[in-house]
$ cat entry01.csv   # CSV, C-alpha atoms and all ligand atoms
chain,number,residue,atom,x,y,z
A,1,MET,CA,-22.5,23.2,29.0
A,2,ASP,CA,-20.6,25.1,31.7
A,3,PRO,CA,-18.4,27.7,29.9
A,4,PHE,CA,-15.6,27.0,32.4
A,5,TYR,CA,-15.4,23.3,31.4
A,6,PHE,CA,-15.8,24.2,27.8
A,7,VAL,CA,-12.8,26.6,27.8
A,8,SER,CA,-10.7,24.2,29.9
A,9,TRP,CA,-11.3,21.2,27.5
A,10,PHE,CA,-10.6,23.4,24.5
A,11,VAL,CA,-7.3,24.8,26.0
A,12,LEU,CA,-6.2,21.2,27.0
A,13,GLY,CA,-7.0,20.1,23.5
A,14,THR,CA,-4.9,22.9,21.9
A,15,ILE,CA,-1.9,22.0,24.1
A,16,PHE,CA,-2.2,18.4,22.9
A,17,GLY,CA,-2.6,19.9,19.4
A,18,SER,CA,0.7,21.7,19.8
A,19,PHE,CA,2.4,18.4,20.5
A,20,LEU,CA,0.6,16.9,17.5
A,21,ASN,CA,2.2,19.5,15.3
A,22,VAL,CA,5.6,18.4,16.4
A,23,LEU,CA,4.7,14.8,15.8
A,24,ILE,CA,3.3,15.5,12.3
A,25,LEU,CA,6.6,17.3,11.3
A,26,ARG,CA,9.1,14.9,12.9
A,27,TYR,CA,7.5,11.5,12.8
A,28,HIS,CA,9.7,9.2,10.6
A,29,SER,CA,11.9,12.2,9.8
A,30,GLY,CA,14.7,10.8,12.0
A,31,LYS,CA,14.6,13.9,14.3
A,32,GLY,CA,12.8,12.4,17.3
A,33,VAL,CA,10.0,14.2,19.1
A,34,ARG,CA,12.2,15.5,22.0
A,35,GLY,CA,14.3,18.7,22.0
A,36,ARG,CA,13.2,22.3,21.6
A,37,SER,CA,11.0,23.5,18.8
A,38,ARG,CA,12.8,25.6,16.2
A,39,CYS,CA,11.9,27.9,13.4
A,40,ALA,CA,11.8,25.7,10.3
A,41,SER,CA,13.5,28.5,8.3
A,42,CYS,CA,16.3,30.0,10.4
A,43,GLY,CA,16.6,27.3,13.2
A,44,LYS,CA,16.1,29.7,16.1
A,45,GLY,CA,14.9,27.9,19.2
A,46,LEU,CA,11.4,29.1,20.2
A,47,SER,CA,10.8,30.5,23.7
A,48,TRP,CA,7.7,29.8,25.7
A,49,HIS,CA,5.8,32.9,24.6
A,50,GLU,CA,6.2,31.8,21.0
A,51,LEU,CA,4.8,28.4,21.8
A,52,VAL,CA,1.4,29.3,23.3
A,53,PRO,CA,-1.2,27.3,21.1
A,54,ILE,CA,-3.1,29.4,18.6
A,55,ILE,CA,-2.4,32.7,20.4
A,56,SER,CA,1.3,32.9,19.6
A,57,PHE,CA,0.6,32.4,15.9
A,58,PHE,CA,-1.8,35.4,15.7
A,59,ALA,CA,0.2,37.5,18.2
A,60,LEU,CA,3.3,37.1,15.9
A,61,ARG,CA,1.0,37.5,12.8
A,62,GLY,CA,2.3,34.2,11.5
A,63,ASN,CA,5.9,35.4,11.3
A,64,CYS,CA,9.1,34.2,13.0
A,65,THR,CA,10.4,36.8,15.4
A,66,SER,CA,14.0,36.3,14.4
A,67,CYS,CA,14.0,35.9,10.6
A,68,GLY,CA,10.4,37.0,9.7
A,69,SER,CA,9.7,34.0,7.6
A,70,LYS,CA,6.1,32.7,7.4
A,71,ILE,CA,4.9,30.1,9.9
A,72,SER,CA,2.7,27.5,8.4
A,73,TYR,CA,-1.1,27.7,9.0
A,74,GLN,CA,-0.8,24.0,9.9
A,75,TYR,CA,0.0,25.1,13.5
A,76,PRO,CA,-3.1,27.0,14.5
A,77,ILE,CA,-5.4,24.8,12.5
A,78,VAL,CA,-4.2,21.5,14.0
A,79,GLU,CA,-4.4,23.1,17.5
A,80,MET,CA,-7.9,24.4,17.0
A,81,ILE,CA,-9.2,21.1,15.6
A,82,SER,CA,-7.6,19.2,18.5
A,83,GLY,CA,-9.4,21.6,20.9
A,84,VAL,CA,-12.7,20.9,19.1
A,85,ILE,CA,-12.1,17.1,19.4
A,86,PHE,CA,-11.6,17.5,23.2
A,87,VAL,CA,-14.7,19.6,23.6
A,88,PHE,CA,-16.9,17.3,21.6
A,89,SER,CA,-15.6,14.2,23.3
A,90,PHE,CA,-15.9,15.5,26.9
A,91,SER,CA,-19.4,16.9,26.2
A,92,LEU,CA,-20.8,13.4,25.7
A,93,SER,CA,-20.3,12.9,29.5
A,94,LEU,CA,-19.0,9.3,29.0
A,95,PRO,CA,-17.0,7.4,31.7
A,96,ILE,CA,-13.5,8.9,31.8
A,97,LEU,CA,-11.9,5.8,30.3
A,98,SER,CA,-14.2,5.9,27.3
A,99,THR,CA,-13.6,9.6,26.9
A,100,ILE,CA,-9.8,9.1,26.8
A,101,VAL,CA,-10.1,6.3,24.2
A,102,LEU,CA,-12.5,8.4,22.1
A,103,ILE,CA,-10.2,11.5,22.2
A,104,SER,CA,-7.3,9.2,21.3
A,105,ILE,CA,-9.2,7.8,18.3
A,106,PHE,CA,-10.1,11.3,16.8
A,107,TRP,CA,-6.7,12.7,17.8
A,108,LEU,CA,-5.1,9.9,15.8
A,109,PHE,CA,-7.5,10.6,12.9
A,110,LEU,CA,-6.3,14.2,13.0
A,111,PHE,CA,-2.6,13.0,13.0
A,112,ILE,CA,-3.3,10.7,10.0
A,113,SER,CA,-5.1,13.4,8.1
A,114,ALA,CA,-2.5,16.1,8.6
A,115,TYR,CA,0.3,13.6,7.9
A,116,ASP,CA,-1.5,12.5,4.7
A,117,LEU,CA,-1.9,16.2,3.6
A,118,LEU,CA,1.7,16.9,4.3
A,119,HIS,CA,3.4,13.7,3.1
A,120,THR,CA,0.7,12.1,1.0
A,121,ILE,CA,1.0,8.8,3.0
A,122,VAL,CA,-1.0,7.4,5.8
A,123,PRO,CA,1.3,6.4,8.7
A,124,ASN,CA,0.9,2.7,9.4
A,125,GLU,CA,1.5,2.8,13.2
A,126,GLY,CA,-1.1,5.6,13.5
A,127,VAL,CA,-3.8,3.8,11.6
A,128,TYR,CA,-3.3,0.4,13.2
A,129,LEU,CA,-3.5,2.0,16.7
A,130,THR,CA,-6.7,3.8,15.6
A,131,ALA,CA,-8.2,0.4,14.5
A,132,ILE,CA,-7.3,-1.2,17.8
A,133,LEU,CA,-8.6,1.7,19.9
A,134,SER,CA,-11.8,1.7,17.8
A,135,LEU,CA,-12.5,-1.9,18.7
A,136,ILE,CA,-11.8,-1.2,22.3
A,137,PHE,CA,-14.2,1.7,22.3
A,138,SER,CA,-17.1,0.0,20.4
A,139,VAL,CA,-16.7,-3.6,21.8
A,140,GLY,CA,-14.8,-3.3,25.0
A,141,LEU,CA,-16.3,-0.1,26.4
A,142,GLY,CA,-19.5,0.0,24.3
A,143,ASN,CA,-22.0,-2.7,23.5
A,144,ALA,CA,-21.2,-3.6,20.0
A,145,TYR,CA,-20.4,-7.3,19.1
A,146,PHE,CA,-16.8,-8.1,18.2
A,147,LEU,CA,-17.7,-10.1,15.1
A,148,ASP,CA,-20.2,-7.4,13.8
A,149,GLN,CA,-17.5,-4.7,14.1
A,150,ILE,CA,-14.8,-7.0,12.4
A,151,ILE,CA,-17.1,-7.8,9.5
A,152,SER,CA,-18.2,-4.1,9.2
A,153,GLY,CA,-14.5,-3.0,9.1
A,154,ILE,CA,-13.6,-5.5,6.4
A,155,ALA,CA,-16.7,-4.8,4.4
A,156,LEU,CA,-16.0,-1.1,4.3
A,157,ALA,CA,-12.3,-1.5,3.6
A,158,LEU,CA,-12.7,-4.0,0.8
A,159,PRO,CA,-14.0,-1.6,-1.9
A,160,PHE,CA,-11.0,0.7,-1.2
A,161,TYR,CA,-8.6,-2.3,-1.3
A,162,ILE,CA,-10.1,-3.4,-4.7
A,163,LEU,CA,-9.7,0.2,-6.0
A,164,TRP,CA,-6.1,0.2,-4.8
A,165,VAL,CA,-5.4,-3.2,-6.6
A,166,VAL,CA,-7.3,-2.3,-9.8
A,167,SER,CA,-5.8,1.2,-10.2
A,168,LYS,CA,-2.3,0.1,-9.0
A,169,GLY,CA,-2.5,2.8,-6.3
A,170,MET,CA,-3.5,5.6,-8.7
A,171,TRP,CA,-7.1,6.3,-7.4
A,172,MET,CA,-6.8,5.2,-3.9
A,173,GLY,CA,-3.9,4.5,-1.5
A,174,LEU,CA,-3.8,1.4,0.6
A,175,GLY,CA,-3.8,3.8,3.6
A,176,ASP,CA,-7.4,4.8,2.7
A,177,ALA,CA,-8.5,1.1,3.1
A,178,LYS,CA,-6.9,1.0,6.5
A,179,VAL,CA,-8.7,4.2,7.6
A,180,ALA,CA,-12.0,2.7,6.3
A,181,LEU,CA,-11.3,-0.4,8.4
A,182,SER,CA,-11.0,1.7,11.5
A,183,ILE,CA,-14.2,3.5,10.7
A,184,GLY,CA,-16.0,0.2,10.4
A,185,PHE,CA,-14.6,-1.0,13.7
A,186,LEU,CA,-15.7,2.2,15.4
A,187,LEU,CA,-19.1,2.9,13.8
A,188,GLY,CA,-20.3,-0.4,12.4
A,189,LEU,CA,-21.6,-1.1,8.9
A,190,SER,CA,-24.5,1.4,8.5
A,191,ASP,CA,-23.0,4.4,10.2
A,192,GLY,CA,-19.5,3.6,8.8
A,193,ALA,CA,-20.9,3.5,5.3
A,194,SER,CA,-22.6,6.9,6.0
A,195,ALA,CA,-19.2,8.3,7.1
A,196,ILE,CA,-17.6,7.1,3.9
A,197,LEU,CA,-20.4,8.4,1.7
A,198,ILE,CA,-20.2,11.8,3.4
A,199,ALA,CA,-16.4,11.7,2.8
A,200,PHE,CA,-16.9,11.2,-0.9
A,201,TRP,CA,-19.5,14.0,-1.1
A,202,ILE,CA,-17.2,16.5,0.7
A,203,GLY,CA,-14.2,15.2,-1.3
A,204,ALA,CA,-16.1,15.8,-4.6
A,205,VAL,CA,-17.0,19.4,-3.7
A,206,VAL,CA,-13.4,20.1,-2.6
A,207,ALA,CA,-12.1,18.5,-5.8
A,208,LEU,CA,-14.4,20.6,-7.9
A,209,ILE,CA,-13.2,23.8,-6.2
A,210,ILE,CA,-9.6,22.8,-6.7
A,211,LEU,CA,-10.3,22.1,-10.4
A,212,PHE,CA,-12.0,25.4,-10.8
A,213,LEU,CA,-9.2,27.4,-9.1
A,214,ASP,CA,-6.7,25.4,-11.2
A,215,TRP,CA,-8.6,26.2,-14.4
A,216,GLN,CA,-8.8,29.9,-13.5
A,217,LYS,CA,-5.1,30.1,-12.8
A,218,ARG,CA,-4.2,28.3,-16.0
A,219,ALA,CA,-6.5,30.5,-18.1
A,220,LEU,CA,-4.8,33.5,-16.5
A,221,LEU,CA,-1.4,32.1,-17.2
A,222,MET,CA,-2.2,31.3,-20.8
A,223,ARG,CA,-3.6,34.8,-21.4
A,224,SER,CA,-0.5,36.5,-19.9
A,225,SER,CA,2.2,34.4,-21.6
A,226,LYS,CA,0.3,33.2,-24.7
A,227,LEU,CA,1.8,29.9,-24.0
A,228,LYS,CA,0.1,26.8,-25.2
A,229,LEU,CA,0.4,24.1,-22.5
A,230,SER,CA,1.3,20.7,-23.6
A,231,LYS,CA,-1.3,18.0,-23.5
A,232,ARG,CA,0.4,16.3,-20.6
A,233,ALA,CA,0.3,19.5,-18.5
A,234,ARG,CA,-3.4,19.8,-19.1
A,235,THR,CA,-4.2,16.3,-18.0
A,236,ILE,CA,-1.8,16.2,-15.2
A,237,LYS,CA,-3.0,14.1,-12.3
A,238,ARG,CA,-3.5,15.7,-8.9
A,239,GLU,CA,-3.4,13.4,-6.0
A,240,VAL,CA,-5.9,14.5,-3.4
A,241,PRO,CA,-5.3,12.9,-0.1
A,242,PHE,CA,-8.5,11.1,1.0
A,243,ALA,CA,-7.8,10.3,4.6
A,244,PRO,CA,-8.8,13.8,5.8
A,245,PHE,CA,-12.2,13.4,4.2
A,246,LEU,CA,-12.7,10.0,5.8
A,247,ALA,CA,-11.8,11.3,9.2
A,248,LEU,CA,-14.2,14.3,8.7
A,249,GLY,CA,-17.0,11.9,7.7
A,250,ALA,CA,-16.4,9.8,10.8
A,251,PHE,CA,-16.4,12.9,13.0
A,252,ILE,CA,-19.7,14.1,11.6
A,253,VAL,CA,-21.4,10.7,11.8
A,254,PHE,CA,-20.2,10.0,15.3
A,255,PHE,CA,-20.8,13.4,17.0
A,256,PHE,CA,-23.9,14.6,15.0
A,257,ASN,CA,-25.5,11.2,14.7
A,258,VAL,CA,-26.0,11.5,11.0
A,259,ASN,CA,-26.9,8.4,9.2
A,260,VAL,CA,-27.5,9.1,5.5
A,261,PHE,CA,-29.4,5.8,5.0
A,262,ASN,CA,-32.0,6.6,7.7
A,263,PHE,CA,-32.3,10.0,6.0
A,264,LEU,CA,-32.7,8.5,2.5
A,265,LEU,CA,-35.1,5.7,3.5
A,266,PHE,CA,-37.5,7.6,5.8
B,1,ZN,ZN,13.0,32.0,11.8
$ encode --input "entry01.csv" --output "structure tokens" --more "lines below"
Ligand SMILES: [Zn+2]
Amino acid sequence: MDPFYFVSWFVLGTIFGSFLNVLILRYHSGKGVRGRSRCASCGKGLSWHELVPIISFFALRGNCTSCGSKISYQYPIVEMISGVIFVFSFSLSLPILSTIVLISIFWLFLFISAYDLLHTIVPNEGVYLTAILSLIFSVGLGNAYFLDQIISGIALALPFYILWVVSKGMWMGLGDAKVALSIGFLLGLSDGASAILIAFWIGAVVALIILFLDWQKRALLMRSSKLKLSKRARTIKREVPFAPFLALGAFIVFFFNVNVFNFLLF
């Protein structure tokens, strides 16, 4: 790949990522996405040199120039991932319309993931738009059959829907079912199921790490304060947003052509 294009796509992606950060913070907050970006802590309007994707964050060492309060790592991370999405999508050398739709799909997956992490809810409009764009990409611009993709989407969403009903929303949110629907529309049954399986594996590893860190912190706390935690505190439920893992699974399967069933069968 020509390094010039590589860098250009990445930079373009980070600029869109910058806008995505605004969207993640302000969507459904009643603030609207227009108007200048401000420091979340002191309200100072940010000037252009404080708004350069990724670079500003590190140049300012993650602090506001006016009040010195910490700027969230969300900003550079979302900008970087957005840049990566642009690079991967362009590198497939698809027709331009397909590339734009593909970028939109994974850009929306990123929006849904970050929104889920921040607000623990999957934004409906975002996930419905992803589902429609996924069908346009696989059926309209690709060579998948409409009925195949519809059935795949429903088949992959159904287990999540059942989990949501059975657990009354405790184990899975309805939003996860909608993300699984989009994955089926985009990847079909076999690749889609691979993406979900990979999501569960990565999710399990991350959950174990979180549990371990929690356990360490609690052990430290109990040693220092000699406090016995109540039974309720020890078994407290931690809601781990699952949409980011589903999106990551879809990304891995789509761009790296990983199908765990081919891998397991042959
Ligand atoms: Zn500030």
$ residues_near_ligand --input "entry01.csv" --ligand "ligand ZN 1 (chain B)" --cutoff "9 Å" --atoms "all atoms listed in the file" --output "list in words"
Arg38, Cys39, Ala40, Ser41, Cys42, Gly43, Lys44, Gly45, Asn63, Cys64, Thr65, Ser66, Cys67, Gly68, Ser69, Lys70 and Ile71 of chain A
$ atom_distance --input "entry01.csv" --atom1 "atom CA of Gly249 of chain A" --atom2 "atom CA of Phe10 of chain A"
21.3 Å
$ closest_residue --input "entry01.csv" --among "A:Pro241, A:Tyr73, A:Val7, A:Arg218" --to "Arg61 of chain A" --atoms "all atoms listed in the file"
A:Tyr73
$ closest_atom_pairs --input "entry01.csv" --of "segment 140-173 of chain A" --to "segment 93-105 of chain A" --cutoff "12 Å" --atoms "all atoms listed in the file" --output "JSON lines"
{"residue": "A:Gly140", "atom": "CA", "partner": "A:Ser98", "partner_atom": "CA", "distance": 9.5}
{"residue": "A:Leu141", "atom": "CA", "partner": "A:Ser98", "partner_atom": "CA", "distance": 6.4}
{"residue": "A:Gly142", "atom": "CA", "partner": "A:Ser98", "partner_atom": "CA", "distance": 8.5}
$ residues_near_point --input "entry01.csv" --point "(-15.2, 2.2, 6.7)" --cutoff "12 Å" --atoms "only C-alpha atoms" --output "number ranges by chain"
A: 131, 134, 149-161, 175-200, 243, 245-247, 249-250, 253
$ residues_around --input "entry01.csv" --residues "segment 78-91 of chain A" --least-positions-apart "5" --cutoff "9 Å" --atoms "only C-alpha atoms" --output "compact mmCIF listing (two decimals) with C-alpha atoms, in the coordinates of the input"
# COMPACT_ATOMS: atom_id res chain seq x y z
CA MET A 1 -22.50 23.20 29.00
CA TYR A 5 -15.40 23.30 31.40
CA PHE A 6 -15.80 24.20 27.80
CA VAL A 7 -12.80 26.60 27.80
CA SER A 8 -10.70 24.20 29.90
CA TRP A 9 -11.30 21.20 27.50
CA PHE A 10 -10.60 23.40 24.50
CA VAL A 11 -7.30 24.80 26.00
CA LEU A 12 -6.20 21.20 27.00
CA GLY A 13 -7.00 20.10 23.50
CA THR A 14 -4.90 22.90 21.90
CA ILE A 15 -1.90 22.00 24.10
CA PHE A 16 -2.20 18.40 22.90
CA GLY A 17 -2.60 19.90 19.40
CA SER A 18 0.70 21.70 19.80
CA PHE A 19 2.40 18.40 20.50
CA LEU A 20 0.60 16.90 17.50
CA ASN A 21 2.20 19.50 15.30
CA PRO A 53 -1.20 27.30 21.10
CA ILE A 54 -3.10 29.40 18.60
CA TYR A 73 -1.10 27.70 9.00
CA ILE A 96 -13.50 8.90 31.80
CA THR A 99 -13.60 9.60 26.90
CA ILE A 100 -9.80 9.10 26.80
CA LEU A 102 -12.50 8.40 22.10
CA ILE A 103 -10.20 11.50 22.20
CA PHE A 106 -10.10 11.30 16.80
CA TRP A 107 -6.70 12.70 17.80
CA LEU A 110 -6.30 14.20 13.00
CA PHE A 111 -2.60 13.00 13.00
CA ALA A 114 -2.50 16.10 8.60
CA PHE A 251 -16.40 12.90 13.00
CA PHE A 255 -20.80 13.40 17.00
$ atom_distance --input "entry01.csv" --atom1 "atom CA of Gly169 of chain A" --atom2 "atom CA of Ile121 of chain A"
11.6 Å
$ closest_residue --input "entry01.csv" --among "A:Tyr115, A:Phe254, A:Tyr128, A:Phe261" --to "Tyr27 of chain A" --atoms "all atoms listed in the file"
A:Tyr115
$ closest_residue --input "entry01.csv" --among "A:Ala59, A:Ala204, A:Ser47, A:Leu25" --to "Gln74 of chain A" --atoms "all atoms listed in the file"
A:Leu25
$ build_atoms --input "entry01.csv" --residues "segment 186-203 of chain A" --atoms "N, CA and C atoms" --output "short mmCIF file (atom, residue, chain, number, x, y, z; two decimals), in the frame of the given file"
data_model
loop_
_atom_site.label_atom_id
_atom_site.label_comp_id
_atom_site.auth_asym_id
_atom_site.auth_seq_id
_atom_site.Cartn_x
_atom_site.Cartn_y
_atom_site.Cartn_z
N LEU A 186 -15.19 1.24 14.45
CA LEU A 186 -15.70 2.20 15.40
C LEU A 186 -17.24 2.37 15.25
N LEU A 187 -17.73 2.48 14.00
CA LEU A 187 -19.10 2.90 13.80
C LEU A 187 -20.05 1.75 13.36
N GLY A 188 -19.50 0.61 12.97
CA GLY A 188 -20.30 -0.40 12.40
C GLY A 188 -20.65 -0.20 10.96
N LEU A 189 -21.43 -1.09 10.35
CA LEU A 189 -21.60 -1.10 8.90
C LEU A 189 -22.41 0.14 8.40
N SER A 190 -23.59 0.36 8.98
CA SER A 190 -24.50 1.40 8.50
C SER A 190 -23.93 2.80 8.69
N ASP A 191 -23.56 3.10 9.94
CA ASP A 191 -23.00 4.40 10.20
C ASP A 191 -21.62 4.59 9.55
N GLY A 192 -20.85 3.50 9.48
CA GLY A 192 -19.50 3.60 8.80
C GLY A 192 -19.68 3.88 7.34
N ALA A 193 -20.66 3.22 6.69
CA ALA A 193 -20.90 3.50 5.30
C ALA A 193 -21.37 4.95 5.08
N SER A 194 -22.15 5.45 6.03
CA SER A 194 -22.60 6.90 6.00
C SER A 194 -21.36 7.77 6.02
N ALA A 195 -20.43 7.48 6.93
CA ALA A 195 -19.20 8.30 7.10
C ALA A 195 -18.45 8.34 5.76
N ILE A 196 -18.34 7.19 5.11
CA ILE A 196 -17.60 7.10 3.90
C ILE A 196 -18.28 7.85 2.73
N LEU A 197 -19.62 7.71 2.70
CA LEU A 197 -20.40 8.40 1.70
C LEU A 197 -20.25 9.95 1.86
N ILE A 198 -20.34 10.41 3.10
CA ILE A 198 -20.20 11.80 3.40
C ILE A 198 -18.77 12.28 2.98
N ALA A 199 -17.77 11.42 3.24
CA ALA A 199 -16.40 11.70 2.80
C ALA A 199 -16.29 11.93 1.34
N PHE A 200 -16.97 11.07 0.57
CA PHE A 200 -16.90 11.20 -0.90
C PHE A 200 -17.63 12.48 -1.36
N TRP A 201 -18.75 12.81 -0.72
CA TRP A 201 -19.50 14.00 -1.10
C TRP A 201 -18.62 15.27 -0.85
N ILE A 202 -18.05 15.35 0.37
CA ILE A 202 -17.20 16.50 0.70
C ILE A 202 -16.00 16.54 -0.22
N GLY A 203 -15.42 15.35 -0.43
CA GLY A 203 -14.20 15.20 -1.30
C GLY A 203 -14.54 15.72 -2.72
#
